[in-house]
file entry-v6.cif (mmCIF, C-alpha atoms)
data_coords
loop_
_atom_site.group_PDB
_atom_site.id
_atom_site.type_symbol
_atom_site.label_atom_id
_atom_site.label_comp_id
_atom_site.auth_asym_id
_atom_site.auth_seq_id
_atom_site.Cartn_x
_atom_site.Cartn_y
_atom_site.Cartn_z
ATOM 1 C CA MET A 5 -44.471 2.608 35.477
ATOM 2 C CA THR A 6 -41.087 3.859 34.304
ATOM 3 C CA LEU A 7 -39.208 2.373 31.378
ATOM 4 C CA TYR A 8 -35.673 1.716 32.619
ATOM 5 C CA ASP A 9 -34.024 -0.093 29.675
ATOM 6 C CA PHE A 10 -35.399 -0.994 26.267
ATOM 7 C CA ASN A 11 -34.404 -4.040 24.226
ATOM 8 C CA HIS A 12 -30.943 -4.196 25.692
ATOM 9 C CA TYR A 13 -28.993 -6.618 23.499
ATOM 10 C CA TRP A 14 -26.283 -9.209 24.099
ATOM 11 C CA ASN A 15 -24.568 -11.347 21.489
ATOM 12 C CA ILE A 16 -23.295 -14.413 23.361
ATOM 13 C CA CYS A 17 -21.248 -17.016 21.502
ATOM 14 C CA LEU A 18 -20.508 -20.277 23.305
ATOM 15 C CA GLY A 19 -17.801 -22.735 22.408
ATOM 16 C CA ALA A 20 -18.589 -26.402 21.869
ATOM 17 C CA GLY A 21 -19.746 -28.110 25.052
ATOM 18 C CA SER A 22 -19.545 -24.872 27.028
ATOM 19 C CA GLY A 23 -21.611 -22.959 29.530
ATOM 20 C CA TYR A 24 -22.268 -19.287 30.248
ATOM 21 C CA SER A 25 -23.381 -17.858 33.572
ATOM 22 C CA ASN A 26 -23.312 -14.117 34.152
ATOM 23 C CA TYR A 27 -25.132 -11.179 35.620
ATOM 24 C CA LEU A 28 -26.836 -9.222 32.851
ATOM 25 C CA PHE A 29 -27.731 -6.606 35.488
ATOM 26 C CA SER A 30 -26.185 -6.346 38.911
ATOM 27 C CA ASN A 31 -27.948 -4.281 41.593
ATOM 28 C CA VAL A 32 -28.898 -1.447 39.225
ATOM 29 C CA GLY A 33 -31.535 1.278 39.317
ATOM 30 C CA PRO A 34 -33.524 2.692 42.213
ATOM 31 C CA TYR A 35 -33.944 0.613 45.361
ATOM 32 C CA GLY A 36 -37.244 -0.580 46.776
ATOM 33 C CA LYS A 37 -39.137 -0.905 43.507
ATOM 34 C CA THR A 38 -41.142 -3.581 41.749
ATOM 35 C CA TRP A 39 -39.485 -4.549 38.491
ATOM 36 C CA ASP A 40 -41.056 -5.928 35.368
ATOM 37 C CA ALA A 41 -38.681 -7.665 32.941
ATOM 38 C CA VAL A 42 -39.404 -8.930 29.437
ATOM 39 C CA VAL A 43 -36.711 -11.215 28.051
ATOM 40 C CA THR A 44 -36.278 -12.792 24.634
ATOM 41 C CA PHE A 45 -33.827 -15.454 23.608
ATOM 42 C CA GLY A 46 -32.942 -17.210 20.361
ATOM 43 C CA LEU A 47 -30.221 -18.443 18.042
ATOM 44 C CA ASN A 48 -27.951 -16.007 16.255
ATOM 45 C CA GLY A 49 -26.586 -17.661 13.122
ATOM 46 C CA GLY A 50 -25.079 -21.122 13.260
ATOM 47 C CA ASP A 51 -27.137 -24.278 12.906
ATOM 48 C CA ASN A 52 -30.757 -24.440 11.796
ATOM 49 C CA VAL A 53 -31.515 -26.124 15.094
ATOM 50 C CA GLN A 54 -29.312 -26.285 18.162
ATOM 51 C CA TYR A 55 -29.570 -28.455 21.231
ATOM 52 C CA ALA A 56 -29.208 -25.960 24.066
ATOM 53 C CA TRP A 57 -30.611 -24.801 27.345
ATOM 54 C CA PHE A 58 -31.062 -21.375 28.936
ATOM 55 C CA GLU A 59 -32.566 -19.700 31.983
ATOM 56 C CA PHE A 60 -33.065 -16.134 33.128
ATOM 57 C CA TYR A 61 -33.634 -15.505 36.790
ATOM 58 C CA LEU A 62 -34.107 -12.503 39.022
ATOM 59 C CA LEU A 63 -32.545 -12.013 42.431
ATOM 60 C CA ASP A 64 -32.166 -9.348 45.092
ATOM 61 C CA ASN A 65 -28.905 -9.255 46.991
ATOM 62 C CA GLN A 66 -30.699 -7.775 49.980
ATOM 63 C CA GLN A 67 -32.958 -10.822 50.151
ATOM 64 C CA GLY A 68 -30.292 -13.494 50.299
ATOM 65 C CA ASN A 69 -30.119 -13.753 46.520
ATOM 66 C CA ILE A 70 -33.167 -15.957 46.522
ATOM 67 C CA GLN A 71 -34.749 -16.583 43.164
ATOM 68 C CA LYS A 72 -37.506 -14.021 42.636
ATOM 69 C CA GLY A 73 -38.363 -14.670 39.019
ATOM 70 C CA TYR A 74 -37.589 -17.367 36.487
ATOM 71 C CA PHE A 75 -37.933 -17.940 32.753
ATOM 72 C CA ALA A 76 -36.344 -20.879 30.969
ATOM 73 C CA ALA A 77 -36.778 -23.433 28.259
ATOM 74 C CA GLY A 78 -37.264 -26.009 31.010
ATOM 75 C CA THR A 79 -34.919 -28.693 29.815
ATOM 76 C CA GLN A 80 -32.479 -29.112 26.968
ATOM 77 C CA ASN A 81 -34.287 -28.068 23.826
ATOM 78 C CA TRP A 82 -33.841 -28.208 20.127
ATOM 79 C CA ILE A 83 -33.962 -24.489 19.475
ATOM 80 C CA GLN A 84 -34.903 -23.681 15.915
ATOM 81 C CA GLN A 85 -33.376 -20.904 13.858
ATOM 82 C CA GLY A 86 -35.756 -17.950 13.792
ATOM 83 C CA LYS A 87 -37.691 -19.081 16.872
ATOM 84 C CA THR A 88 -37.651 -16.627 19.741
ATOM 85 C CA PHE A 89 -38.482 -17.525 23.327
ATOM 86 C CA GLU A 90 -40.133 -14.645 25.134
ATOM 87 C CA GLY A 91 -40.948 -14.418 28.816
ATOM 88 C CA GLN A 92 -42.008 -11.904 31.431
ATOM 89 C CA MET A 93 -41.081 -11.727 35.114
ATOM 90 C CA THR A 94 -42.177 -9.386 37.889
ATOM 91 C CA ALA A 95 -40.640 -9.086 41.358
ATOM 92 C CA SER A 96 -40.427 -6.658 44.286
ATOM 93 C CA TYR A 97 -36.947 -5.596 45.322
ATOM 94 C CA VAL A 98 -35.399 -4.156 48.462
ATOM 95 C CA ASN A 99 -32.156 -3.285 46.735
ATOM 96 C CA GLY A 100 -31.503 -2.701 43.021
ATOM 97 C CA PHE A 101 -32.420 -5.002 40.159
ATOM 98 C CA SER A 102 -30.287 -8.071 39.384
ATOM 99 C CA MET A 103 -30.695 -10.663 36.652
ATOM 100 C CA ILE A 104 -28.618 -13.700 35.736
ATOM 101 C CA LEU A 105 -28.581 -15.557 32.425
ATOM 102 C CA ASN A 106 -27.326 -19.133 32.202
ATOM 103 C CA ILE A 107 -26.813 -20.885 28.874
ATOM 104 C CA ASN A 108 -25.568 -24.369 28.174
ATOM 105 C CA ASN A 109 -24.371 -25.468 24.744
ATOM 106 C CA PRO A 110 -23.685 -29.210 24.875
ATOM 107 C CA ASP A 111 -23.280 -29.416 21.094
ATOM 108 C CA SER A 112 -19.988 -30.306 19.441
ATOM 109 C CA VAL A 113 -19.885 -26.982 17.585
ATOM 110 C CA SER A 114 -20.044 -23.402 18.792
ATOM 111 C CA GLN A 115 -23.256 -21.371 18.684
ATOM 112 C CA CYS A 116 -24.178 -17.697 19.127
ATOM 113 C CA PHE A 117 -27.340 -16.600 20.912
ATOM 114 C CA ASN A 118 -29.330 -13.361 21.003
ATOM 115 C CA ALA A 119 -30.603 -12.107 24.345
ATOM 116 C CA TYR A 120 -32.789 -9.017 24.748
ATOM 117 C CA VAL A 121 -34.066 -7.457 27.961
ATOM 118 C CA THR A 122 -36.584 -4.668 28.520
ATOM 119 C CA LEU A 123 -37.116 -3.349 32.051
ATOM 120 C CA TRP A 124 -39.728 -1.241 33.798
ATOM 121 C CA TYR A 125 -40.073 -0.366 37.472
ATOM 122 C CA TYR A 126 -42.819 1.160 39.607
ATOM 123 C CA MET B 6 -4.601 1.532 -40.754
ATOM 124 C CA ARG B 7 -3.766 3.947 -37.938
ATOM 125 C CA LYS B 8 -7.444 4.449 -37.198
ATOM 126 C CA MET B 9 -8.001 0.702 -36.982
ATOM 127 C CA ALA B 10 -5.086 0.304 -34.558
ATOM 128 C CA LEU B 11 -6.360 3.083 -32.294
ATOM 129 C CA ILE B 12 -9.882 1.660 -32.296
ATOM 130 C CA GLY B 13 -8.472 -1.754 -31.430
ATOM 131 C CA LEU B 14 -6.475 -0.332 -28.548
ATOM 132 C CA ALA B 15 -9.500 1.582 -27.285
ATOM 133 C CA ILE B 16 -11.517 -1.638 -27.293
ATOM 134 C CA VAL B 17 -8.773 -3.441 -25.334
ATOM 135 C CA ILE B 18 -8.667 -0.634 -22.720
ATOM 136 C CA LEU B 19 -12.441 -0.580 -22.326
ATOM 137 C CA ALA B 20 -12.593 -4.361 -22.030
ATOM 138 C CA ALA B 21 -9.881 -4.361 -19.351
ATOM 139 C CA LEU B 22 -11.633 -1.610 -17.422
ATOM 140 C CA ALA B 23 -15.006 -3.329 -17.659
ATOM 141 C CA THR B 24 -13.564 -6.682 -16.534
ATOM 142 C CA GLY B 25 -11.771 -5.085 -13.616
ATOM 143 C CA VAL B 26 -14.739 -3.070 -12.450
ATOM 144 C CA LEU B 27 -17.100 -6.055 -12.733
ATOM 145 C CA THR B 28 -14.671 -8.295 -10.828
ATOM 146 C CA ALA B 29 -14.258 -5.720 -8.075
ATOM 147 C CA TYR B 30 -18.013 -5.221 -7.891
ATOM 148 C CA ALA B 31 -18.616 -8.965 -7.578
ATOM 149 C CA GLN B 32 -15.994 -9.219 -4.824
ATOM 150 C CA SER B 33 -17.396 -6.295 -2.872
ATOM 151 C CA THR B 34 -20.942 -7.640 -3.207
ATOM 152 C CA SER B 35 -19.951 -11.022 -1.818
ATOM 153 C CA GLN B 36 -18.117 -9.312 1.045
ATOM 154 C CA ILE B 37 -21.199 -7.274 1.854
ATOM 155 C CA GLN B 38 -23.227 -10.477 2.054
ATOM 156 C CA ASN B 39 -20.651 -11.966 4.427
ATOM 157 C CA ASN B 40 -20.544 -8.800 6.506
ATOM 158 C CA ASN B 41 -24.317 -8.910 6.912
ATOM 159 C CA SER B 42 -23.944 -12.192 8.734
ATOM 160 C CA SER B 43 -22.591 -10.486 11.817
ATOM 161 C CA PRO B 44 -22.895 -6.750 12.424
ATOM 162 C CA ASP B 45 -20.216 -6.790 15.096
ATOM 163 C CA PRO B 46 -18.439 -4.702 16.149
ATOM 164 C CA ARG B 47 -21.324 -2.456 17.167
ATOM 165 C CA ALA B 48 -20.697 1.126 18.219
ATOM 166 C CA GLY B 49 -20.374 1.520 21.978
ATOM 167 C CA TYR B 50 -20.294 -2.222 22.680
ATOM 168 C CA ILE B 51 -17.754 -3.993 24.849
ATOM 169 C CA TYR B 52 -16.281 -7.241 23.530
ATOM 170 C CA PHE B 53 -14.557 -9.881 25.595
ATOM 171 C CA VAL B 54 -13.530 -13.487 25.387
ATOM 172 C CA VAL B 55 -13.441 -15.937 28.292
ATOM 173 C CA TYR B 56 -11.042 -18.832 27.861
ATOM 174 C CA ARG B 57 -9.636 -21.853 29.702
ATOM 175 C CA GLN B 58 -6.270 -21.226 31.274
ATOM 176 C CA THR B 59 -5.135 -24.773 30.598
ATOM 177 C CA ASP B 60 -5.382 -24.846 26.804
ATOM 178 C CA GLY B 61 -6.645 -21.455 25.586
ATOM 179 C CA PHE B 62 -10.023 -22.921 24.523
ATOM 180 C CA ILE B 63 -12.640 -20.178 24.139
ATOM 181 C CA VAL B 64 -15.529 -20.904 26.475
ATOM 182 C CA TYR B 65 -17.537 -17.920 25.258
ATOM 183 C CA ALA B 66 -17.267 -14.562 23.510
ATOM 184 C CA VAL B 67 -19.661 -11.718 24.249
ATOM 185 C CA GLY B 68 -20.705 -8.426 22.725
ATOM 186 C CA CYS B 69 -22.344 -6.328 25.422
ATOM 187 C CA SER B 70 -23.693 -2.793 25.587
ATOM 188 C CA PRO B 71 -22.677 -1.390 28.968
ATOM 189 C CA SER B 72 -24.588 0.720 31.467
ATOM 190 C CA PRO B 73 -26.936 -0.046 32.964
ATOM 191 C CA ALA B 74 -26.098 -3.626 32.008
ATOM 192 C CA ASN B 75 -23.230 -5.559 33.489
ATOM 193 C CA CYS B 76 -20.435 -6.296 30.999
ATOM 194 C CA THR B 77 -18.013 -7.920 33.407
ATOM 195 C CA PRO B 78 -17.888 -11.712 33.267
ATOM 196 C CA THR B 79 -18.124 -13.870 36.356
ATOM 197 C CA LEU B 80 -15.129 -16.143 35.860
ATOM 198 C CA GLN B 81 -15.226 -19.762 36.920
ATOM 199 C CA PRO B 82 -12.102 -21.364 38.387
ATOM 200 C CA GLY B 83 -9.534 -21.919 35.648
ATOM 201 C CA GLN B 84 -10.927 -19.211 33.372
ATOM 202 C CA SER B 85 -9.461 -15.875 32.257
ATOM 203 C CA VAL B 86 -10.789 -12.997 30.190
ATOM 204 C CA ILE B 87 -9.398 -10.888 27.345
ATOM 205 C CA TYR B 88 -11.086 -7.645 26.314
ATOM 206 C CA ILE B 89 -10.894 -7.033 22.559
ATOM 207 C CA THR B 90 -13.058 -3.921 22.197
ATOM 208 C CA ASP B 91 -10.089 -1.902 20.936
ATOM 209 C CA GLN B 92 -9.380 -4.404 18.136
ATOM 210 C CA PRO B 93 -12.342 -4.000 15.751
ATOM 211 C CA VAL B 94 -10.827 -6.083 12.947
ATOM 212 C CA LEU B 95 -10.287 -8.942 15.362
ATOM 213 C CA VAL B 96 -13.836 -8.547 16.717
ATOM 214 C CA LYS B 97 -15.198 -8.667 13.181
ATOM 215 C CA GLN B 98 -13.282 -11.821 12.277
ATOM 216 C CA LEU B 99 -13.968 -13.612 15.544
ATOM 217 C CA PHE B 100 -17.707 -12.917 15.590
ATOM 218 C CA ALA B 101 -18.075 -13.672 11.878
ATOM 219 C CA ASP B 102 -16.564 -17.078 12.579
ATOM 220 C CA ALA B 103 -18.682 -17.519 15.694
ATOM 221 C CA TYR B 104 -21.821 -16.659 13.708
ATOM 222 C CA ASN B 105 -20.910 -19.491 11.342
ATOM 223 C CA SER B 106 -20.363 -21.998 14.174
ATOM 224 C CA ASN B 107 -16.590 -21.690 13.817
ATOM 225 C CA LEU B 108 -15.610 -20.229 17.160
ATOM 226 C CA GLY B 109 -13.598 -23.427 17.556
ATOM 227 C CA ASN B 110 -11.190 -22.032 14.943
ATOM 228 C CA TRP B 111 -9.907 -19.642 17.590
ATOM 229 C CA ARG B 112 -7.676 -20.148 20.587
ATOM 230 C CA VAL B 113 -5.869 -17.926 23.051
ATOM 231 C CA ASN B 114 -2.122 -18.271 22.794
ATOM 232 C CA LEU B 115 -1.137 -18.919 26.390
ATOM 233 C CA GLN B 116 2.367 -17.530 25.827
ATOM 234 C CA THR B 117 1.299 -14.179 24.387
ATOM 235 C CA HIS B 118 -2.257 -14.028 25.789
ATOM 236 C CA GLN B 119 -3.442 -13.024 22.327
ATOM 237 C CA LEU B 120 -6.239 -14.508 20.249
ATOM 238 C CA ALA B 121 -5.113 -16.559 17.280
ATOM 239 C CA THR B 122 -7.015 -18.361 14.581
ATOM 240 C CA THR B 123 -6.238 -21.962 13.760
ATOM 241 C CA GLY B 124 -8.264 -22.040 10.540
ATOM 242 C CA THR B 125 -9.551 -19.899 7.700
ATOM 243 C CA THR B 126 -11.530 -16.968 9.039
ATOM 244 C CA SER B 127 -14.857 -15.930 7.535
ATOM 245 C CA SER B 128 -13.732 -12.383 6.835
ATOM 246 C CA ALA B 129 -9.985 -12.459 6.457
ATOM 247 C CA PHE B 130 -9.904 -9.352 4.310
ATOM 248 C CA VAL B 131 -12.474 -6.623 4.195
ATOM 249 C CA ALA B 132 -12.492 -4.150 1.313
ATOM 250 C CA PRO B 133 -14.529 -0.949 1.305
ATOM 251 C CA ALA B 134 -18.051 -1.591 0.081
ATOM 252 C CA PHE B 135 -18.362 -1.041 -3.649
ATOM 253 C CA GLY B 136 -14.717 0.016 -3.721
ATOM 254 C CA VAL B 137 -12.703 -0.699 -6.852
ATOM 255 C CA SER B 138 -9.805 -2.887 -5.866
ATOM 256 C CA LEU B 139 -6.265 -2.086 -6.946
ATOM 257 C CA PHE B 140 -5.628 -5.506 -8.453
ATOM 258 C CA GLY B 141 -9.100 -5.954 -9.838
ATOM 259 C CA ALA B 142 -9.461 -2.840 -11.949
ATOM 260 C CA VAL B 143 -6.800 -0.179 -11.654
ATOM 261 C CA LEU B 144 -3.756 -2.269 -12.519
ATOM 262 C CA PRO B 145 -5.289 -3.916 -15.619
ATOM 263 C CA ALA B 146 -6.434 -0.527 -16.830
ATOM 264 C CA LEU B 147 -3.006 1.024 -16.249
ATOM 265 C CA ALA B 148 -1.356 -1.916 -17.971
ATOM 266 C CA SER B 149 -3.656 -1.523 -20.949
ATOM 267 C CA LEU B 150 -2.911 2.181 -21.122
ATOM 268 C CA GLY B 151 0.794 1.404 -21.037
ATOM 269 C CA VAL B 152 0.463 -1.093 -23.861
ATOM 270 C CA ALA B 153 -1.639 1.351 -25.844
ATOM 271 C CA THR B 154 0.796 4.240 -25.348
ATOM 272 C CA SER B 155 3.886 2.221 -26.208
ATOM 273 C CA GLY B 156 2.110 0.652 -29.184
ATOM 274 C CA SER B 157 1.165 4.058 -30.474
ATOM 275 C CA LEU B 158 4.736 5.359 -30.054
ATOM 276 C CA VAL B 159 6.189 2.359 -31.865
ATOM 277 C CA TRP B 160 3.687 2.838 -34.659
ATOM 278 C CA ARG B 161 4.532 6.574 -34.939
ATOM 279 C CA ARG B 162 8.302 5.913 -34.971
ATOM 280 C CA ALA B 163 7.881 3.266 -37.622
ATOM 281 C CA ARG B 164 5.814 5.658 -39.689
ATOM 282 C CA ARG B 165 8.406 8.511 -39.334
ATOM 283 C CA ARG B 166 11.232 6.207 -40.410
ATOM 284 C CA ALA B 167 9.181 5.089 -43.372
#
call {"tool": "encode", "arguments": {"input": "entry-v6.cif", "output": "structure tokens"}}
result
Amino acid sequence: MTLYDFNHYWNICLGAGSGYSNYLFSNVGPYGKTWDAVVTFGLNGGDNVQYAWFEFYLLDNQQGNIQKGYFAAGTQNWIQQGKTFEGQMTASYVNGFSMILNINNPDSVSQCFNAYVTLWYY
Amino acid sequence: MRKMALIGLAIVILAALATGVLTAYAQSTSQIQNNNSSPDPRAGYIYFVVYRQTDGFIVYAVGCSPSPANCTPTLQPGQSVIYITDQPVLVKQLFADAYNSNLGNWRVNLQTHQLATTGTTSSAFVAPAFGVSLFGAVLPALASLGVATSGSLVWRRARRRA
């Protein structure tokens, strides 16, 4: 198992009532590998609790971009300050590794979020 | 009499210096606490802001470490992006506000395509940590020295004439 990226960090600040949907990784690394991803997500400053929703998912553009891994808070959640959601996903790829993060902040004030990703392949 | 006057002046100078230094220290300490709230900008990171083309509302702002990660936003219809990596002061102010739930204080000016704040920013002025500010310490001390010097000269002239 090869460590590809360790604790890669994003600071993502959403405006009030806004959404975020982006590739954190887009077809990177060696092709034809199985990838193991550990993701963590939490508030960064702002309110003590924030009503928000997030999801990480894995996809392979050589396999019709079907969803190959998924980690989310399920539904809208009251996310507490200091609480970190941590999940792990594993998937086999034909092409390189791709991951999307979606966040929704329906609150009337802005909020920043921390996202970390660690990747291995074998 | 002369000794008393000089001692008095020395006390005034020391008091002014102490007040100035303490004030500057208190200011720099509070700024350090504010700066700890958001460590952005981070070395090597890319910063960008995605906004609505209709009103300049900031949908999101991101600090992203590139390679192997992707730091290019996927824009939805009606959205545009501004990269602000080369404006560290702006990054600091924007993300300090965002950290304090005040991203709504910022808008993109649709005429100039520049970010502008509509409220009081969280870190409008940043002084060097533990630095002694010009107005807080140096000017009072210089003023005191000036008063002391001129006072001494006046006293000497008066004594010569007498």
call {"tool": "atom_distance", "arguments": {"input": "entry-v6.cif", "atom1": "atom CA of Ser22 of chain A", "atom2": "atom CA of Asp45 of chain B"}}
result
21.7 Å
call {"tool": "resolve_selection", "arguments": {"input": "entry-v6.cif", "expression": "the PyMOL selection byres ((chain B) within 7 of (chain A))", "output": "PyMOL selection string"}}
result
chain B and resi 63-70+73-75+78-79+103-109
call {"tool": "closest_residue", "arguments": {"input": "entry-v6.cif", "among": "A:Met5, A:Leu63, A:Val53, A:Ala77", "to": "Glu90 of chain A", "atoms": "all atoms listed in the file"}}
result
A:Ala77
call {"tool": "atom_distance", "arguments": {"input": "entry-v6.cif", "atom1": "atom CA of Tyr52 of chain B", "atom2": "atom CA of Thr117 of chain B"}}
result
18.9 Å
call {"tool": "resolve_selection", "arguments": {"input": "entry-v6.cif", "expression": "the PyMOL selection byres ((chain A and resi 106) around 7)", "output": "list in words"}}
result
Tyr24, Ser25, Asn26, Phe58, Glu59, Phe60, Ile104, Leu105, Ile107 and Asn108 of chain A
call {"tool": "write_last_selection", "arguments": {"input": "entry-v6.cif", "atoms": "C-alpha atoms", "output": "PDB file, in the coordinates of the input"}}
result
ATOM      1  CA  TYR A  24     -22.268 -19.287  30.248  1.00  0.00           C
ATOM      2  CA  SER A  25     -23.381 -17.858  33.572  1.00  0.00           C
ATOM      3  CA  ASN A  26     -23.312 -14.117  34.152  1.00  0.00           C
ATOM      4  CA  PHE A  58     -31.062 -21.375  28.936  1.00  0.00           C
ATOM      5  CA  GLU A  59     -32.566 -19.700  31.983  1.00  0.00           C
ATOM      6  CA  PHE A  60     -33.065 -16.134  33.128  1.00  0.00           C
ATOM      7  CA  ILE A 104     -28.618 -13.700  35.736  1.00  0.00           C
ATOM      8  CA  LEU A 105     -28.581 -15.557  32.425  1.00  0.00           C
ATOM      9  CA  ILE A 107     -26.813 -20.885  28.874  1.00  0.00           C
ATOM     10  CA  ASN A 108     -25.568 -24.369  28.174  1.00  0.00           C
TER      11      ASN A 108
END
call {"tool": "decode", "arguments": {"input": "entry-v6.cif", "residues": "segment 106-126 of chain A", "atoms": "N, CA and C atoms", "output": "compact mmCIF listing (two decimals), in the first residue's frame"}}
result
# COMPACT_ATOMS: atom_id res chain seq x y z
N ASN A 106 -19.49 17.74 -1.76
CA ASN A 106 -20.65 18.65 -1.81
C ASN A 106 -20.96 19.12 -0.40
N ILE A 107 -21.20 20.40 -0.27
CA ILE A 107 -21.60 20.96 1.04
C ILE A 107 -22.80 21.87 0.80
N ASN A 108 -23.72 21.84 1.74
CA ASN A 108 -24.85 22.76 1.67
C ASN A 108 -24.96 23.50 2.99
N ASN A 109 -25.01 24.81 2.92
CA ASN A 109 -25.16 25.64 4.12
C ASN A 109 -26.46 26.43 4.02
N PRO A 110 -27.56 25.87 4.54
CA PRO A 110 -28.84 26.56 4.41
C PRO A 110 -29.04 27.67 5.43
N ASP A 111 -28.06 27.86 6.30
CA ASP A 111 -28.19 28.85 7.38
C ASP A 111 -28.19 30.27 6.82
N SER A 112 -28.64 31.20 7.66
CA SER A 112 -28.72 32.60 7.22
C SER A 112 -27.41 33.35 7.41
N VAL A 113 -26.40 32.67 7.95
CA VAL A 113 -25.07 33.28 8.04
C VAL A 113 -24.05 32.35 7.37
N SER A 114 -22.89 32.93 7.06
CA SER A 114 -21.85 32.14 6.40
C SER A 114 -21.20 31.18 7.40
N GLN A 115 -20.48 30.21 6.89
CA GLN A 115 -19.81 29.23 7.75
C GLN A 115 -18.62 28.64 7.00
N CYS A 116 -17.49 28.50 7.70
CA CYS A 116 -16.32 27.83 7.12
C CYS A 116 -16.26 26.38 7.60
N PHE A 117 -15.73 25.52 6.76
CA PHE A 117 -15.62 24.10 7.06
C PHE A 117 -14.19 23.63 6.79
N ASN A 118 -13.74 22.68 7.60
CA ASN A 118 -12.46 22.01 7.37
C ASN A 118 -12.72 20.69 6.66
N ALA A 119 -11.92 20.40 5.64
CA ALA A 119 -11.98 19.09 5.00
C ALA A 119 -10.55 18.56 4.86
N TYR A 120 -10.35 17.33 5.30
CA TYR A 120 -9.03 16.68 5.18
C TYR A 120 -9.20 15.37 4.42
N VAL A 121 -8.20 15.06 3.60
CA VAL A 121 -8.23 13.79 2.86
C VAL A 121 -6.84 13.15 2.91
N THR A 122 -6.83 11.85 3.24
CA THR A 122 -5.61 11.06 3.15
C THR A 122 -5.86 9.91 2.19
N LEU A 123 -4.92 9.66 1.28
CA LEU A 123 -5.12 8.67 0.22
C LEU A 123 -3.99 7.64 0.18
N TRP A 124 -4.38 6.40 -0.01
CA TRP A 124 -3.43 5.32 -0.29
C TRP A 124 -3.91 4.59 -1.56
N TYR A 125 -2.99 3.94 -2.25
CA TYR A 125 -3.41 3.06 -3.34
C TYR A 125 -2.56 1.78 -3.31
N TYR A 126 -3.11 0.74 -3.91
CA TYR A 126 -2.37 -0.53 -4.00
C TYR A 126 -2.84 -1.32 -5.21
